[in-house]
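Here the structure comes first, spelled out in structure tokens, and everything after it is commentary.
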Amino acid sequence: MNDIRRTILWVIFGFSMISLWDQWQVYNGQKPTFGLAQSTKVAPAQVTGTGSSAVNSTQNATNTIAPQATNTPSAAQNSIITPAANAPAVPKERFEVSTDVLKLTFDTEGGSLVHSEFLQHVDMDNKTKGVVLLDDSKERVYMAQTGLIGASNLPNHKTVMAIAPGSRKFEGDAKTLVIKFESPDAGGVKLVKTYTLKRDGYDIAVKHEVVNTGTAPVTPQLYLQILRDGNKLAGESSFYSTFTGPAVYTEAKKFQKIEFTDIDKNKVDAEKQASNGFIAMVQHYFVSSWILPDGIKRDLFTRKVDTNLYAVGMITTLEPIAAGASKTVESRFFVGPQVEKTLETITPGLELVKDYGWLTVLAKPLYWLLDALHRFIGNWGWAIIALVLLLKIAFYWLNAKAYSSMAKMKAVNPRITAMRERLKDKPQEMQQEMMKIYREEKINPMGGCFPIMVQIPVFIALYWVLLSSVEMRNAPWVMWIRDLASPDPYYILPVVMTLTTMLQTALNPAPPDPLQAKMMWFMPLAFSVMFFFFPAGLVLYWITNNILSIAQQWLINTRMGVPPQFNLPKFK
């Protein structure tokens with residue numbers, strides 16, 4: 001039965017290797033080896049001209065058509081958007097506006113948001129500037145656009161708008177700043193787009209006022225979309241992968257991630273219509289999202305706009321607007337870090353962009369506890385150590401049973417080894433004799449595995465909490481560890497991790513089979529190599545767990561009269 005315990009460990013090791021291979025496939029742009037493909041059937045995108053790749057030219061981003069409603073296409077939605085024929089020759093302009101946490105760039109073409117920099121989150125590669133999310137450059141295309149469709153030549157994200165008179169910066173102790181764009185009359189309709197920024201907020205109120213300047217009723221549709229290229233994040237690790245791409249949330253189907261590759265293959269299976277929720281563009285640590293109030297019916301879409309350029313968005317049909325009347329649609333745009341407490345206050349479900357996967361039910365309370373410990377201690381590194389210590393206390397009795405079982409196994413190991421040598425040519429008799437020894441010594445061969453397996457989901461959930469939490473970015477611990485989200489620059493923590501893992505292996509009973517004994521040493525060494533590339537916060541968590549496990553195992557062995565000994569491998 002000792003073989004059963006080792007078999008279970010091999011199963012865990014094999015599953016871990018398969019998971020790593022699966023993540024490697026995803027990182028390299030391949031389909032996951034396991035898991036369901038996600039995806040929405042989308043109408044094909046159309047573009048004008050013959051622009052080149054989006055990452056090489058921002059012209060593609062401005063040559064795209066407005067999105068078609070996937071369920072109610074019309075002639076106007078299938079037409080190419082061009083500036084209105086009667087639009088005055090207003091020169092385009094870009095200008096910056098700063099809050100306490102954001103530096104934003106607006107473009108008068110469409111009144112679009114084309115650049116965002118987070119002033120309180122330093123860029124990993126350039127410590128002199130903040131993280132850039134929205135961008136319109138040779139390296140990145142990532143913009144927030146809105147406009148009208150439903151008839152020809154309506155104001156859209158290609159229409160050059162005028163800026164209403166007013167300040168472009170916060171004055172005095174003002175808590176909000178209003179920026180208003182007004183389109184020229186186009187197709188008998190005028191669009192007034194108003195952004196209301198807060199000093200310390202990442203969410204922006206965006207009001208769209210549609211004015212009917214014609215002589216007949218109109219029924220336009222408002223679209224809100226996020227445009228992004230499909231490039232991987234710079235500096236992403238080869239040993240673990242996080243999701244980058246569009247996402248949709250509705251009350252009916254909850255949070256739905258959409259892979260760029262599924263959009264390429266027209267195999268998206270996300271919600272297409274809803275009256276609540278949001279659309280988002282997600283990447284590690286940061287997110288942008290358009291949010292409409294609940295109760296407003298909207299069509300949801302994803303599409304490939306051009307080579308390596310994708311869009312996710314919403315379309316809502318306005319009620320008929322009489323001649324001379326207007327209709328206003330309130331919305332919000334969020335662009336910021338994935339701070340769970342902040343996201344929860346914006347709209348229901350937005351916190352799910354910080355994706356813990358199938359272990360969310362365990363990960364959320366673990367994050368809550370980690371955050372509470374940080375508020376008390378004031379340092380994320382020490383908070384991680386304190387959290388692992390609390391988990392070890394919570395699982396003390398389970399671990400005690402596991403280590404007690406291992407200690408008993410170690411005590412009878414010489415007897416089992418001698419028996420195996422004596423009956424090596426009689427496997428059936430060997431198995432019977434082994435079961436007899438276990439009964440006499442009151443040993444449960446599974447006793448060392450089951451308590452550990454119960455804890456595995458908890459520690460995997462904690463792994464995802466630490467990997468996903470933006471609070472770890474540029475968070476110091478002690479001395480040389482100045483960023484818990486980056487690998488240890490001197491590899492001290494990974495070396496300590498390797499040594500503690502080897503020590504833990506040496507304290508376990510050595511398998512009687514020499515080949516198995518060698519492989520049991522290969523496993524921790526193979527895992528340790530990966531930790532040289534893991535964020536320091538994750539390595540710190542594993543080191544703490546290893547040290548506490550070794551201490552408990554040492555204590556239990558001593559109490560049971562089984563002196564701890566090191567079972568070193570014999571490579572002969």
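To be explicit about the labels: the chains of the structure tokens are called A, B, and onward in the order shown, and within each one the residues are counted from 1, while ligands get numbers from 1 in the order they are shown.
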
Spatial neighbours of stretch 246-249 of chain A, max dist 7 Å, only C-alpha atoms, sep filter under 4 positions, as an mmCIF file with C-alpha atoms, in the first residue's frame:
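Dumped to selection.cif:
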data_model
loop_
_atom_site.group_PDB
_atom_site.id
_atom_site.type_symbol
_atom_site.label_atom_id
_atom_site.label_comp_id
_atom_site.auth_asym_id
_atom_site.auth_seq_id
_atom_site.Cartn_x
_atom_site.Cartn_y
_atom_site.Cartn_z
ATOM 1 C CA LYS A 254 -22.081 35.540 -15.490
ATOM 2 C CA PHE A 255 -18.455 36.132 -16.457
ATOM 3 C CA GLN A 256 -17.434 34.908 -19.913
ATOM 4 C CA LYS A 257 -13.870 35.167 -21.227
ATOM 5 C CA ILE A 258 -13.303 35.224 -24.985
ATOM 6 C CA GLY A 277 -23.859 43.620 -17.256
ATOM 7 C CA PHE A 278 -20.792 45.002 -19.002
ATOM 8 C CA ILE A 279 -18.147 44.347 -21.635
ATOM 9 C CA ALA A 280 -14.423 44.511 -20.876
ATOM 10 C CA MET A 281 -10.928 44.091 -22.223
ATOM 11 C CA VAL A 282 -8.847 42.212 -19.656
ATOM 12 C CA VAL A 312 -15.726 44.018 -28.026
ATOM 13 C CA GLY A 349 -19.565 41.248 -11.357
#

Discussion item. Need to verify the contact set: A:Thr498, 6 Å, only C-alpha atoms, exclusion of same-chain residues closer than 3 positions in sequence. Can you return it as a list in words?
Written reply: Val495, Thr501 and Ser528 of chain A

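Between A:Phe333 and the residues A:Phe527, A:Tyr142, A:Trp521, A:Trp290, the shortest atom-to-atom distance, using only C-alpha atoms, involves A:Trp290.
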
Discussion item. Could you pull out the alpha helix (DSSP H) residues of stretch 304-533 of chain A, going by DSSP on the backbone, and write them as a PyMOL selection string?
Written reply: chain A and resi 340-346+360-377+380-394+396-422+427-441+450-468+492-507+514-530

Worksheet entry | Test item: residues at most 9 Å from A:Val339, only C-alpha atoms, excluding those fewer than 2 positions along its chain, as an NGL selection string | :A and (285-286 or 336-337 or 341-344 or 351 or 354 or 469-471)

Keeping N, CA and C atoms for every residue in the selection just given, could you write it to a file as a PDB file, in the first residue's frame?
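File written: result31.pdb
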ATOM      1  N   TYR A 285      -3.564  42.209 -14.232  1.00  0.00           N
ATOM      2  CA  TYR A 285      -3.577  43.324 -13.281  1.00  0.00           C
ATOM      3  C   TYR A 285      -4.494  44.491 -13.675  1.00  0.00           C
ATOM      4  N   PHE A 286      -4.816  44.704 -14.961  1.00  0.00           N
ATOM      5  CA  PHE A 286      -5.539  45.905 -15.375  1.00  0.00           C
ATOM      6  C   PHE A 286      -6.696  45.555 -16.295  1.00  0.00           C
ATOM      7  N   GLY A 336      -8.549  50.977 -15.260  1.00  0.00           N
ATOM      8  CA  GLY A 336      -7.749  51.008 -14.047  1.00  0.00           C
ATOM      9  C   GLY A 336      -7.255  49.652 -13.620  1.00  0.00           C
ATOM     10  N   PRO A 337      -6.663  49.590 -12.435  1.00  0.00           N
ATOM     11  CA  PRO A 337      -6.132  48.339 -11.888  1.00  0.00           C
ATOM     12  C   PRO A 337      -7.245  47.450 -11.352  1.00  0.00           C
ATOM     13  N   LYS A 341     -11.681  45.392  -4.153  1.00  0.00           N
ATOM     14  CA  LYS A 341     -12.634  46.208  -3.390  1.00  0.00           C
ATOM     15  C   LYS A 341     -13.167  47.363  -4.232  1.00  0.00           C
ATOM     16  N   THR A 342     -12.318  47.930  -5.074  1.00  0.00           N
ATOM     17  CA  THR A 342     -12.759  49.024  -5.943  1.00  0.00           C
ATOM     18  C   THR A 342     -13.721  48.529  -7.006  1.00  0.00           C
ATOM     19  N   LEU A 343     -13.392  47.411  -7.643  1.00  0.00           N
ATOM     20  CA  LEU A 343     -14.230  46.873  -8.716  1.00  0.00           C
ATOM     21  C   LEU A 343     -15.629  46.528  -8.216  1.00  0.00           C
ATOM     22  N   GLU A 344     -15.720  46.042  -6.979  1.00  0.00           N
ATOM     23  CA  GLU A 344     -17.017  45.655  -6.419  1.00  0.00           C
ATOM     24  C   GLU A 344     -17.951  46.857  -6.279  1.00  0.00           C
ATOM     25  N   GLU A 351     -15.651  42.687 -10.381  1.00  0.00           N
ATOM     26  CA  GLU A 351     -14.508  42.127  -9.660  1.00  0.00           C
ATOM     27  C   GLU A 351     -14.067  40.779 -10.234  1.00  0.00           C
ATOM     28  N   LYS A 354     -10.771  39.984 -12.232  1.00  0.00           N
ATOM     29  CA  LYS A 354      -9.628  39.420 -11.507  1.00  0.00           C
ATOM     30  C   LYS A 354      -9.925  37.940 -11.359  1.00  0.00           C
ATOM     31  N   SER A 469      -3.171  39.503  -7.866  1.00  0.00           N
ATOM     32  CA  SER A 469      -3.390  40.732  -7.098  1.00  0.00           C
ATOM     33  C   SER A 469      -2.431  41.836  -7.521  1.00  0.00           C
ATOM     34  N   VAL A 470      -2.984  42.910  -8.052  1.00  0.00           N
ATOM     35  CA  VAL A 470      -2.175  44.042  -8.500  1.00  0.00           C
ATOM     36  C   VAL A 470      -1.448  44.705  -7.337  1.00  0.00           C
ATOM     37  N   GLU A 471      -1.926  44.484  -6.124  1.00  0.00           N
ATOM     38  CA  GLU A 471      -1.277  45.074  -4.950  1.00  0.00           C
ATOM     39  C   GLU A 471       0.165  44.569  -4.778  1.00  0.00           C
TER      40      GLU A 471
END

Worksheet item: Looking at only C-alpha atoms, which of A:Ile296, A:Thr328, A:Lys127, A:Lys267 is the one that sits closest to A:Thr194?
Response: A:Thr328

Discussion item. Can you measure atom CA of A:Lys327 to atom CA of A:Lys297 for me? One decimal in Å is fine.
Written reply: 15.4 Å

Worksheet entry | Contacts of A:Leu233 within 9 Å, only C-alpha atoms, excl. fewer than 4 positions in-chain, as a PyMOL selection string | chain A and resi 244+283-284

Worksheet item: What's the 8 Å shell around stretch 106-113 of chain A, counting only C-alpha atoms, without same-chain residues fewer than 6 positions away, as a PyMOL selection string?
Response: chain A and resi 92-97+134+143-147+155-163+181+193

Item to complete: Determine which residues of stretch 237-420 of chain A receive a DSSP assignment of strand (DSSP E), computed from the backbone, and state them as a PyMOL selection string.
Response: chain A and resi 245-250+254-257+273-274+278-283+286-291+298-306+309-317+326-337
